[in-house]
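Shown next: structure_26.pdb, given as PDB, C-alpha atoms.
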```
ATOM      1  CA  MET A   1       6.370 -47.752  -6.765  1.00  0.00           C
ATOM      2  CA  TRP A   2       8.676 -44.869  -7.400  1.00  0.00           C
ATOM      3  CA  ASN A   3       7.870 -43.327  -3.995  1.00  0.00           C
ATOM      4  CA  LYS A   4       9.132 -46.395  -2.266  1.00  0.00           C
ATOM      5  CA  GLN A   5      12.715 -45.235  -2.374  1.00  0.00           C
ATOM      6  CA  ARG A   6      12.015 -41.914  -0.750  1.00  0.00           C
ATOM      7  CA  ARG A   7      10.313 -43.555   2.226  1.00  0.00           C
ATOM      8  CA  ASP A   8      13.205 -45.856   2.700  1.00  0.00           C
ATOM      9  CA  ASP A   9      15.592 -42.938   2.630  1.00  0.00           C
ATOM     10  CA  GLU A  10      13.737 -40.953   5.344  1.00  0.00           C
ATOM     11  CA  PRO A  11      14.499 -41.901   8.920  1.00  0.00           C
ATOM     12  CA  SER A  12      11.501 -43.290  10.752  1.00  0.00           C
ATOM     13  CA  ARG A  13      10.103 -41.181  13.550  1.00  0.00           C
ATOM     14  CA  PRO A  14       8.364 -42.697  16.526  1.00  0.00           C
ATOM     15  CA  PHE A  15       4.632 -41.989  16.801  1.00  0.00           C
ATOM     16  CA  VAL A  16       3.839 -39.585  19.628  1.00  0.00           C
ATOM     17  CA  PRO A  17       0.176 -38.836  20.282  1.00  0.00           C
ATOM     18  CA  THR A  18      -0.611 -35.193  20.882  1.00  0.00           C
ATOM     19  CA  ALA A  19      -3.373 -33.876  23.073  1.00  0.00           C
ATOM     20  CA  PRO A  20      -5.811 -31.564  21.369  1.00  0.00           C
ATOM     21  CA  THR A  21      -5.404 -27.992  22.382  1.00  0.00           C
ATOM     22  CA  PRO A  22      -8.543 -26.545  23.912  1.00  0.00           C
ATOM     23  CA  THR A  23     -10.118 -23.615  22.189  1.00  0.00           C
ATOM     24  CA  PRO A  24     -10.947 -20.588  24.323  1.00  0.00           C
ATOM     25  CA  ALA A  25     -14.720 -21.206  24.047  1.00  0.00           C
ATOM     26  CA  ALA A  26     -14.408 -24.849  25.040  1.00  0.00           C
ATOM     27  CA  ALA A  27     -12.147 -24.028  27.980  1.00  0.00           C
ATOM     28  CA  ALA A  28     -14.794 -21.750  29.530  1.00  0.00           C
ATOM     29  CA  VAL A  29     -17.521 -24.453  29.617  1.00  0.00           C
ATOM     30  CA  PRO A  30     -16.856 -27.194  32.192  1.00  0.00           C
ATOM     31  CA  ALA A  31     -17.458 -30.716  31.030  1.00  0.00           C
ATOM     32  CA  GLU A  32     -20.704 -32.240  32.348  1.00  0.00           C
ATOM     33  CA  PRO A  33     -20.335 -35.452  34.327  1.00  0.00           C
ATOM     34  CA  LYS A  34     -21.971 -38.512  32.823  1.00  0.00           C
ATOM     35  CA  LYS A  35     -25.445 -39.187  34.143  1.00  0.00           C
ATOM     36  CA  GLU A  36     -26.444 -42.768  34.615  1.00  0.00           C
ATOM     37  CA  ALA A  37     -30.000 -43.705  33.799  1.00  0.00           C
ATOM     38  CA  PHE A  38     -31.895 -45.554  36.498  1.00  0.00           C
ATOM     39  CA  THR A  39     -35.496 -46.451  37.093  1.00  0.00           C
ATOM     40  CA  VAL A  40     -37.444 -46.313  40.304  1.00  0.00           C
ATOM     41  CA  SER A  41     -40.032 -48.998  40.700  1.00  0.00           C
ATOM     42  CA  THR A  42     -43.082 -48.333  42.793  1.00  0.00           C
ATOM     43  CA  PRO A  43     -45.379 -51.021  44.103  1.00  0.00           C
ATOM     44  CA  THR A  44     -48.471 -51.449  41.984  1.00  0.00           C
ATOM     45  CA  ARG A  45     -50.725 -51.943  45.006  1.00  0.00           C
ATOM     46  CA  SER A  46     -50.389 -50.138  48.284  1.00  0.00           C
ATOM     47  CA  PHE A  47     -51.030 -51.820  51.629  1.00  0.00           C
ATOM     48  CA  GLU A  48     -54.128 -49.773  52.367  1.00  0.00           C
ATOM     49  CA  PRO A  49     -56.780 -49.626  49.667  1.00  0.00           C
ATOM     50  CA  GLU A  50     -57.285 -46.139  48.343  1.00  0.00           C
ATOM     51  CA  PRO A  51     -60.820 -44.770  48.247  1.00  0.00           C
ATOM     52  CA  ARG A  52     -62.145 -44.187  44.754  1.00  0.00           C
ATOM     53  CA  GLY A  53     -62.305 -40.674  43.369  1.00  0.00           C
ATOM     54  CA  SER A  54     -66.070 -40.268  43.724  1.00  0.00           C
ATOM     55  CA  ALA A  55     -66.259 -41.574  47.308  1.00  0.00           C
ATOM     56  CA  ALA A  56     -66.582 -39.302  50.310  1.00  0.00           C
ATOM     57  CA  THR A  57     -63.880 -40.047  52.889  1.00  0.00           C
ATOM     58  CA  ILE A  58     -63.785 -39.928  56.685  1.00  0.00           C
ATOM     59  CA  GLY A  59     -60.072 -39.936  57.496  1.00  0.00           C
ATOM     60  CA  LYS A  60     -58.053 -41.676  60.217  1.00  0.00           C
ATOM     61  CA  ALA A  61     -57.990 -38.674  62.542  1.00  0.00           C
ATOM     62  CA  VAL A  62     -61.764 -38.019  62.396  1.00  0.00           C
ATOM     63  CA  ARG A  63     -64.218 -39.096  65.109  1.00  0.00           C
ATOM     64  CA  ILE A  64     -67.959 -38.707  64.555  1.00  0.00           C
ATOM     65  CA  ASN A  65     -70.825 -39.228  67.015  1.00  0.00           C
ATOM     66  CA  GLY A  66     -74.251 -39.058  65.409  1.00  0.00           C
ATOM     67  CA  GLN A  67     -76.060 -39.945  62.227  1.00  0.00           C
ATOM     68  CA  ILE A  68     -74.495 -39.987  58.763  1.00  0.00           C
ATOM     69  CA  ASN A  69     -76.651 -40.115  55.606  1.00  0.00           C
ATOM     70  CA  SER A  70     -74.636 -40.378  52.397  1.00  0.00           C
ATOM     71  CA  LYS A  71     -75.879 -39.893  48.850  1.00  0.00           C
ATOM     72  CA  GLU A  72     -72.574 -41.157  47.397  1.00  0.00           C
ATOM     73  CA  ASP A  73     -70.076 -43.939  48.096  1.00  0.00           C
ATOM     74  CA  LEU A  74     -68.492 -43.528  51.537  1.00  0.00           C
ATOM     75  CA  TYR A  75     -65.052 -44.612  52.802  1.00  0.00           C
ATOM     76  CA  VAL A  76     -64.666 -44.590  56.600  1.00  0.00           C
ATOM     77  CA  ASP A  77     -61.145 -44.893  58.008  1.00  0.00           C
ATOM     78  CA  GLY A  78     -61.841 -43.052  61.286  1.00  0.00           C
ATOM     79  CA  ASP A  79     -64.119 -43.621  64.292  1.00  0.00           C
ATOM     80  CA  VAL A  80     -67.899 -43.435  63.869  1.00  0.00           C
ATOM     81  CA  GLU A  81     -70.529 -43.988  66.547  1.00  0.00           C
ATOM     82  CA  GLY A  82     -74.269 -43.792  65.833  1.00  0.00           C
ATOM     83  CA  ILE A  83     -76.050 -44.516  62.547  1.00  0.00           C
ATOM     84  CA  LEU A  84     -74.490 -44.862  59.076  1.00  0.00           C
ATOM     85  CA  GLU A  85     -76.799 -44.869  56.058  1.00  0.00           C
ATOM     86  CA  ALA A  86     -75.980 -44.991  52.332  1.00  0.00           C
ATOM     87  CA  PRO A  87     -78.997 -46.914  50.996  1.00  0.00           C
ATOM     88  CA  GLU A  88     -78.112 -46.654  47.306  1.00  0.00           C
ATOM     89  CA  HIS A  89     -74.316 -46.660  47.597  1.00  0.00           C
ATOM     90  CA  LYS A  90     -71.237 -48.582  48.703  1.00  0.00           C
ATOM     91  CA  LEU A  91     -69.893 -48.181  52.229  1.00  0.00           C
ATOM     92  CA  THR A  92     -66.288 -49.224  52.898  1.00  0.00           C
ATOM     93  CA  ILE A  93     -64.868 -49.430  56.410  1.00  0.00           C
ATOM     94  CA  GLY A  94     -61.115 -48.987  55.963  1.00  0.00           C
ATOM     95  CA  PRO A  95     -58.399 -50.933  57.826  1.00  0.00           C
ATOM     96  CA  ASN A  96     -58.117 -48.178  60.466  1.00  0.00           C
ATOM     97  CA  GLY A  97     -61.888 -47.664  60.683  1.00  0.00           C
ATOM     98  CA  THR A  98     -63.768 -48.417  63.905  1.00  0.00           C
ATOM     99  CA  VAL A  99     -67.554 -48.263  63.677  1.00  0.00           C
ATOM    100  CA  HIS A 100     -70.016 -48.670  66.589  1.00  0.00           C
ATOM    101  CA  ALA A 101     -73.179 -48.086  64.602  1.00  0.00           C
ATOM    102  CA  THR A 102     -76.208 -49.473  62.849  1.00  0.00           C
ATOM    103  CA  ILE A 103     -75.362 -49.638  59.144  1.00  0.00           C
ATOM    104  CA  LYS A 104     -77.698 -49.587  56.134  1.00  0.00           C
ATOM    105  CA  ALA A 105     -76.194 -49.507  52.632  1.00  0.00           C
ATOM    106  CA  ARG A 106     -76.466 -51.098  49.208  1.00  0.00           C
ATOM    107  CA  GLU A 107     -73.041 -52.731  49.602  1.00  0.00           C
ATOM    108  CA  VAL A 108     -70.743 -52.953  52.654  1.00  0.00           C
ATOM    109  CA  VAL A 109     -67.033 -53.835  52.554  1.00  0.00           C
ATOM    110  CA  ALA A 110     -65.403 -54.319  55.974  1.00  0.00           C
ATOM    111  CA  LEU A 111     -61.623 -54.013  56.256  1.00  0.00           C
ATOM    112  CA  GLY A 112     -61.636 -52.676  59.821  1.00  0.00           C
ATOM    113  CA  SER A 113     -63.844 -53.133  62.875  1.00  0.00           C
ATOM    114  CA  ILE A 114     -67.666 -52.965  62.971  1.00  0.00           C
ATOM    115  CA  GLN A 115     -69.802 -53.410  66.051  1.00  0.00           C
ATOM    116  CA  GLY A 116     -73.508 -53.194  65.317  1.00  0.00           C
ATOM    117  CA  ASN A 117     -76.184 -54.541  63.029  1.00  0.00           C
ATOM    118  CA  VAL A 118     -75.511 -54.342  59.287  1.00  0.00           C
ATOM    119  CA  GLU A 119     -78.132 -54.349  56.540  1.00  0.00           C
ATOM    120  CA  ALA A 120     -77.001 -54.416  52.909  1.00  0.00           C
ATOM    121  CA  ALA A 121     -79.447 -54.610  50.007  1.00  0.00           C
ATOM    122  CA  ASP A 122     -76.901 -56.189  47.657  1.00  0.00           C
ATOM    123  CA  ARG A 123     -73.946 -57.738  49.527  1.00  0.00           C
ATOM    124  CA  ILE A 124     -71.510 -57.660  52.442  1.00  0.00           C
ATOM    125  CA  GLU A 125     -67.803 -58.471  52.249  1.00  0.00           C
ATOM    126  CA  ILE A 126     -65.820 -59.151  55.421  1.00  0.00           C
ATOM    127  CA  ARG A 127     -62.145 -59.126  54.445  1.00  0.00           C
ATOM    128  CA  LYS A 128     -59.410 -61.200  56.102  1.00  0.00           C
ATOM    129  CA  ASP A 129     -58.302 -58.744  58.828  1.00  0.00           C
ATOM    130  CA  ALA A 130     -61.782 -57.345  59.517  1.00  0.00           C
ATOM    131  CA  LYS A 131     -63.884 -57.813  62.642  1.00  0.00           C
ATOM    132  CA  LEU A 132     -67.701 -57.689  62.637  1.00  0.00           C
ATOM    133  CA  ILE A 133     -69.808 -58.213  65.762  1.00  0.00           C
ATOM    134  CA  GLY A 134     -73.529 -57.926  65.092  1.00  0.00           C
ATOM    135  CA  ASP A 135     -76.404 -59.280  63.061  1.00  0.00           C
ATOM    136  CA  ILE A 136     -76.285 -59.204  59.270  1.00  0.00           C
ATOM    137  CA  ARG A 137     -79.177 -58.959  56.823  1.00  0.00           C
ATOM    138  CA  THR A 138     -78.219 -59.168  53.134  1.00  0.00           C
ATOM    139  CA  ALA A 139     -78.782 -60.921  49.814  1.00  0.00           C
ATOM    140  CA  ARG A 140     -75.142 -62.077  49.409  1.00  0.00           C
ATOM    141  CA  ILE A 141     -72.197 -62.372  51.793  1.00  0.00           C
ATOM    142  CA  ILE A 142     -68.457 -63.012  51.459  1.00  0.00           C
ATOM    143  CA  ILE A 143     -66.366 -63.825  54.536  1.00  0.00           C
ATOM    144  CA  GLU A 144     -62.656 -64.227  53.798  1.00  0.00           C
ATOM    145  CA  ASP A 145     -60.455 -66.689  55.658  1.00  0.00           C
ATOM    146  CA  GLY A 146     -59.020 -64.938  58.732  1.00  0.00           C
ATOM    147  CA  ALA A 147     -61.952 -62.558  59.256  1.00  0.00           C
ATOM    148  CA  TYR A 148     -63.723 -62.465  62.634  1.00  0.00           C
ATOM    149  CA  PHE A 149     -67.530 -62.570  62.685  1.00  0.00           C
ATOM    150  CA  LYS A 150     -69.881 -63.018  65.629  1.00  0.00           C
ATOM    151  CA  GLY A 151     -73.632 -62.731  65.134  1.00  0.00           C
ATOM    152  CA  SER A 152     -76.427 -64.040  62.956  1.00  0.00           C
ATOM    153  CA  ILE A 153     -76.886 -63.903  59.204  1.00  0.00           C
ATOM    154  CA  ASP A 154     -80.255 -63.439  57.512  1.00  0.00           C
ATOM    155  CA  ILE A 155     -80.050 -64.040  53.762  1.00  0.00           C
ATOM    156  CA  VAL A 156     -82.915 -62.308  51.959  1.00  0.00           C
ATOM    157  CA  LYS A 157     -83.884 -62.388  48.339  1.00  0.00           C
ATOM    158  CA  PRO A 158     -82.970 -59.159  46.568  1.00  0.00           C
ATOM    159  CA  GLU A 159     -85.906 -56.914  45.841  1.00  0.00           C
ATOM    160  CA  PRO A 160     -86.925 -57.102  42.176  1.00  0.00           C
ATOM    161  CA  ALA A 161     -86.311 -54.012  40.109  1.00  0.00           C
ATOM    162  CA  LYS A 162     -89.214 -51.588  39.690  1.00  0.00           C
ATOM    163  CA  ALA A 163     -89.558 -52.438  35.995  1.00  0.00           C
ATOM    164  CA  ALA A 164     -89.743 -56.147  36.802  1.00  0.00           C
ATOM    165  CA  SER A 165     -92.351 -55.588  39.535  1.00  0.00           C
ATOM    166  CA  ARG A 166     -95.114 -54.862  36.998  1.00  0.00           C
ATOM    167  CA  PRO A 167     -97.309 -57.863  36.190  1.00  0.00           C
ATOM    168  CA  PRO A 168     -96.216 -59.501  32.951  1.00  0.00           C
ATOM    169  CA  GLN A 169     -98.327 -58.466  29.991  1.00  0.00           C
ATOM    170  CA  PRO A 170     -99.581 -61.139  27.607  1.00  0.00           C
ATOM    171  CA  GLN A 171     -97.333 -61.532  24.634  1.00  0.00           C
ATOM    172  CA  ALA A 172     -98.714 -60.577  21.275  1.00  0.00           C
ATOM    173  CA  GLN A 173     -99.329 -63.278  18.697  1.00  0.00           C
ATOM    174  CA  ALA A 174     -96.666 -63.832  16.086  1.00  0.00           C
ATOM    175  CA  ALA A 175     -96.629 -61.040  13.546  1.00  0.00           C
ATOM    176  CA  VAL A 176    -100.045 -61.619  11.991  1.00  0.00           C
ATOM    177  CA  PRO A 177    -101.513 -58.553  10.357  1.00  0.00           C
ATOM    178  CA  VAL A 178    -104.903 -57.609  11.705  1.00  0.00           C
ATOM    179  CA  VAL A 179    -107.392 -56.438   9.117  1.00  0.00           C
ATOM    180  CA  HIS A 180    -110.468 -54.620  10.271  1.00  0.00           C
ATOM    181  CA  ALA A 181    -113.354 -55.336   7.928  1.00  0.00           C
ATOM    182  CA  PRO A 182    -117.093 -55.368   8.480  1.00  0.00           C
ATOM    183  CA  VAL A 183    -118.243 -58.756   9.715  1.00  0.00           C
ATOM    184  CA  GLN A 184    -121.401 -60.310   8.316  1.00  0.00           C
ATOM    185  CA  ALA A 185    -123.333 -62.738  10.425  1.00  0.00           C
ATOM    186  CA  ALA A 186    -123.256 -66.251   9.037  1.00  0.00           C
ATOM    187  CA  PRO A 187    -126.321 -68.445   9.327  1.00  0.00           C
ATOM    188  CA  ALA A 188    -126.221 -70.605  12.403  1.00  0.00           C
ATOM    189  CA  ALA A 189    -125.377 -74.211  11.755  1.00  0.00           C
ATOM    190  CA  VAL A 190    -128.172 -76.625  12.571  1.00  0.00           C
ATOM    191  CA  PRO A 191    -127.028 -79.845  14.202  1.00  0.00           C
ATOM    192  CA  GLU A 192    -127.901 -82.993  12.253  1.00  0.00           C
ATOM    193  CA  LYS A 193    -130.011 -85.679  13.789  1.00  0.00           C
ATOM    194  CA  ARG A 194    -128.958 -89.274  13.433  1.00  0.00           C
TER     195      ARG A 194
END
```
Is it possible to give me this structure as structure tokens?
Amino acid sequence: MWNKQRRDDEPSRPFVPTAPTPTPAAAAVPAEPKKEAFTVSTPTRSFEPEPRGSAATIGKAVRINGQINSKEDLYVDGDVEGILEAPEHKLTIGPNGTVHATIKAREVVALGSIQGNVEAADRIEIRKDAKLIGDIRTARIIIEDGAYFKGSIDIVKPEPAKAASRPPQPQAQAAVPVVHAPVQAAPAAVPEKR
């Protein structure tokens, strides 16, 4: 209240903003430009299927003439001519793979070109851009729409597992305790005459 008169008596000054004066330490460090955050999205599935980590790979630039025996999963994306065997494993012919061979494997997946007879103990998959010319012998087969197949198919029953090949043993009676005691002969029953 009593200060009101003093303010009225003082002339009003216009407001002039002042720029802060830089300190010597701040003047030496240049200001960093603002960085904008951005994200890069990558496709979740590539065009060519990648071989799994435990599979042996025959690359695009490899050409093999001869016999291949594999004791692990095999991914072929190059050229193979001869015999391909992986009896207990999966064999995948990649989209760039060209095989002129007889094939024996547990499972065969064709994405490229196969010319020759194929025998798979479990199953064969012929994907949409694949080409298979030859006879097939397998327990199960999948041929996608767009795949090319020329030959015959022999569907066989899968071999039973070794444990299942044993003859079945008679089942035990329901849990009835067996007591071993000396047996006394009972007198023989005499049939009655009527």
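Those residues that approach Arg106 in chain A to within 7 Å, counting all atoms listed in the file, are Ala86, Pro87, Glu88, His89, Lys90, Val108, Ala120, Ala121 and Asp122 of chain A; same-chain residues fewer than 2 positions away are not listed.
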Export, as a PDB file, in the frame of the given file, the selected residues with C-alpha atoms.
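Result saved to result.pdb:
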```
ATOM      1  CA  ALA A  86     -75.980 -44.991  52.332  1.00  0.00           C
ATOM      2  CA  PRO A  87     -78.997 -46.914  50.996  1.00  0.00           C
ATOM      3  CA  GLU A  88     -78.112 -46.654  47.306  1.00  0.00           C
ATOM      4  CA  HIS A  89     -74.316 -46.660  47.597  1.00  0.00           C
ATOM      5  CA  LYS A  90     -71.237 -48.582  48.703  1.00  0.00           C
ATOM      6  CA  VAL A 108     -70.743 -52.953  52.654  1.00  0.00           C
ATOM      7  CA  ALA A 120     -77.001 -54.416  52.909  1.00  0.00           C
ATOM      8  CA  ALA A 121     -79.447 -54.610  50.007  1.00  0.00           C
ATOM      9  CA  ASP A 122     -76.901 -56.189  47.657  1.00  0.00           C
TER      10      ASP A 122
END
```
Evaluate the PyMOL selection byres ((chain A and resi 148) around 10) and report residues as a PyMOL selection string: chain A and resi 113+126-133+143-147+149-150
Save out the residues we just selected, C-alpha atoms, as a PDB file, in the coordinates of the input.
```pdb
ATOM      1  CA  SER A 113     -63.844 -53.133  62.875  1.00  0.00           C
ATOM      2  CA  ILE A 126     -65.820 -59.151  55.421  1.00  0.00           C
ATOM      3  CA  ARG A 127     -62.145 -59.126  54.445  1.00  0.00           C
ATOM      4  CA  LYS A 128     -59.410 -61.200  56.102  1.00  0.00           C
ATOM      5  CA  ASP A 129     -58.302 -58.744  58.828  1.00  0.00           C
ATOM      6  CA  ALA A 130     -61.782 -57.345  59.517  1.00  0.00           C
ATOM      7  CA  LYS A 131     -63.884 -57.813  62.642  1.00  0.00           C
ATOM      8  CA  LEU A 132     -67.701 -57.689  62.637  1.00  0.00           C
ATOM      9  CA  ILE A 133     -69.808 -58.213  65.762  1.00  0.00           C
ATOM     10  CA  ILE A 143     -66.366 -63.825  54.536  1.00  0.00           C
ATOM     11  CA  GLU A 144     -62.656 -64.227  53.798  1.00  0.00           C
ATOM     12  CA  ASP A 145     -60.455 -66.689  55.658  1.00  0.00           C
ATOM     13  CA  GLY A 146     -59.020 -64.938  58.732  1.00  0.00           C
ATOM     14  CA  ALA A 147     -61.952 -62.558  59.256  1.00  0.00           C
ATOM     15  CA  PHE A 149     -67.530 -62.570  62.685  1.00  0.00           C
ATOM     16  CA  LYS A 150     -69.881 -63.018  65.629  1.00  0.00           C
TER      17      LYS A 150
END
```
For Leu91 in chain A: contacts at 10 Å, all atoms listed in the file, fewer than 5 positions along chain excluded, given as a list of chain:residue names: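 Those residues are A:Ala55, A:Ala56, A:Ser70, A:Glu72, A:Asp73, A:Leu74, A:Tyr75, A:Val76, A:Leu84, A:Glu85, A:Ala86, A:Ile103, A:Lys104, A:Ala105, A:Arg106, A:Glu107, A:Val108, A:Val109, A:Ala110, A:Ala120, A:Ile124.
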Residues returned when the PyMOL selection byres ((chain A and resi 101) around 9) runs on this file, as a ChimeraX atom specification: /A:67,80-84,99-100,102-103,114-118
Between CA of Arg123 in chain A and CA of Gly66 in chain A - distance in Å to one decimal: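 Result for CA of Gly66 in chain A versus CA of Arg123 in chain A: 24.5 Å, one decimal.
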Point-to-point distance in Å for CA of Thr92 in chain A and CA of Ala61 in chain A: 16.5 Å
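What the PyMOL selection byres ((chain A and resi 96) around 9) picks from this file is Gly59, Lys60, Val76, Asp77, Gly78, Asp79, Ile93, Gly94, Pro95, Gly97, Thr98, Leu111, Gly112 and Ser113 of chain A.
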Could you give me the axis-aligned bounding box of range 60-79 of chain A, with 8 Å of padding per side, as centre plus edge lengths in Å to one decimal, as lines of an AutoDock Vina configuration file?
```
center_x = -67.3
center_y = -41.5
center_z = 57.2
size_x = 34.7
size_y = 22.9
size_z = 35.6
```
Separation of CA of Gly151 in chain A from CA of Ile136 in chain A, in Å and rounded to one decimal: 7.3 Å
Reconstruct N, CA and C atoms of range 76-97 of chain A; output as a CSV table (one decimal), keeping the file's coordinate frame.
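Done, and the output landed in out_14.csv:
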```csv
chain,number,residue,atom,x,y,z
A,76,VAL,N,-64.9,-45.0,55.2
A,76,VAL,CA,-64.7,-44.6,56.6
A,76,VAL,C,-63.4,-45.2,57.1
A,77,ASP,N,-62.4,-44.4,57.5
A,77,ASP,CA,-61.1,-44.9,58.0
A,77,ASP,C,-60.9,-44.3,59.4
A,78,GLY,N,-61.9,-43.6,59.9
A,78,GLY,CA,-61.8,-43.1,61.3
A,78,GLY,C,-62.8,-43.8,62.2
A,79,ASP,N,-63.2,-43.1,63.3
A,79,ASP,CA,-64.1,-43.6,64.3
A,79,ASP,C,-65.5,-43.0,64.1
A,80,VAL,N,-66.5,-43.9,64.0
A,80,VAL,CA,-67.9,-43.4,63.9
A,80,VAL,C,-68.7,-44.2,64.9
A,81,GLU,N,-69.6,-43.4,65.6
A,81,GLU,CA,-70.5,-44.0,66.5
A,81,GLU,C,-71.9,-43.4,66.3
A,82,GLY,N,-72.9,-44.3,66.1
A,82,GLY,CA,-74.3,-43.8,65.8
A,82,GLY,C,-74.9,-44.6,64.7
A,83,ILE,N,-75.3,-43.9,63.7
A,83,ILE,CA,-76.0,-44.5,62.5
A,83,ILE,C,-75.4,-44.1,61.3
A,84,LEU,N,-75.1,-45.1,60.4
A,84,LEU,CA,-74.5,-44.9,59.1
A,84,LEU,C,-75.5,-45.4,58.0
A,85,GLU,N,-75.9,-44.5,57.1
A,85,GLU,CA,-76.8,-44.9,56.1
A,85,GLU,C,-76.3,-44.4,54.7
A,86,ALA,N,-76.3,-45.3,53.7
A,86,ALA,CA,-76.0,-45.0,52.3
A,86,ALA,C,-76.8,-46.0,51.5
A,87,PRO,N,-78.1,-45.9,51.5
A,87,PRO,CA,-79.0,-46.9,51.0
A,87,PRO,C,-78.8,-47.3,49.5
A,88,GLU,N,-78.3,-46.4,48.7
A,88,GLU,CA,-78.1,-46.7,47.3
A,88,GLU,C,-76.6,-46.7,46.9
A,89,HIS,N,-75.7,-46.8,47.9
A,89,HIS,CA,-74.3,-46.7,47.6
A,89,HIS,C,-73.5,-47.7,48.4
A,90,LYS,N,-72.2,-47.7,48.1
A,90,LYS,CA,-71.2,-48.6,48.7
A,90,LYS,C,-70.6,-47.9,49.9
A,91,LEU,N,-70.5,-48.7,51.0
A,91,LEU,CA,-69.9,-48.2,52.2
A,91,LEU,C,-68.7,-49.1,52.5
A,92,THR,N,-67.5,-48.5,52.6
A,92,THR,CA,-66.3,-49.2,52.9
A,92,THR,C,-65.7,-48.8,54.2
A,93,ILE,N,-65.5,-49.7,55.1
A,93,ILE,CA,-64.9,-49.4,56.4
A,93,ILE,C,-63.4,-49.8,56.2
A,94,GLY,N,-62.5,-48.8,56.2
A,94,GLY,CA,-61.1,-49.0,56.0
A,94,GLY,C,-60.4,-49.8,57.1
A,95,PRO,N,-59.1,-50.1,56.9
A,95,PRO,CA,-58.4,-50.9,57.8
A,95,PRO,C,-58.2,-50.2,59.2
A,96,ASN,N,-58.2,-48.9,59.2
A,96,ASN,CA,-58.1,-48.2,60.5
A,96,ASN,C,-59.5,-47.8,61.0
A,97,GLY,N,-60.5,-48.1,60.3
A,97,GLY,CA,-61.9,-47.7,60.7
A,97,GLY,C,-62.4,-48.5,61.8
```
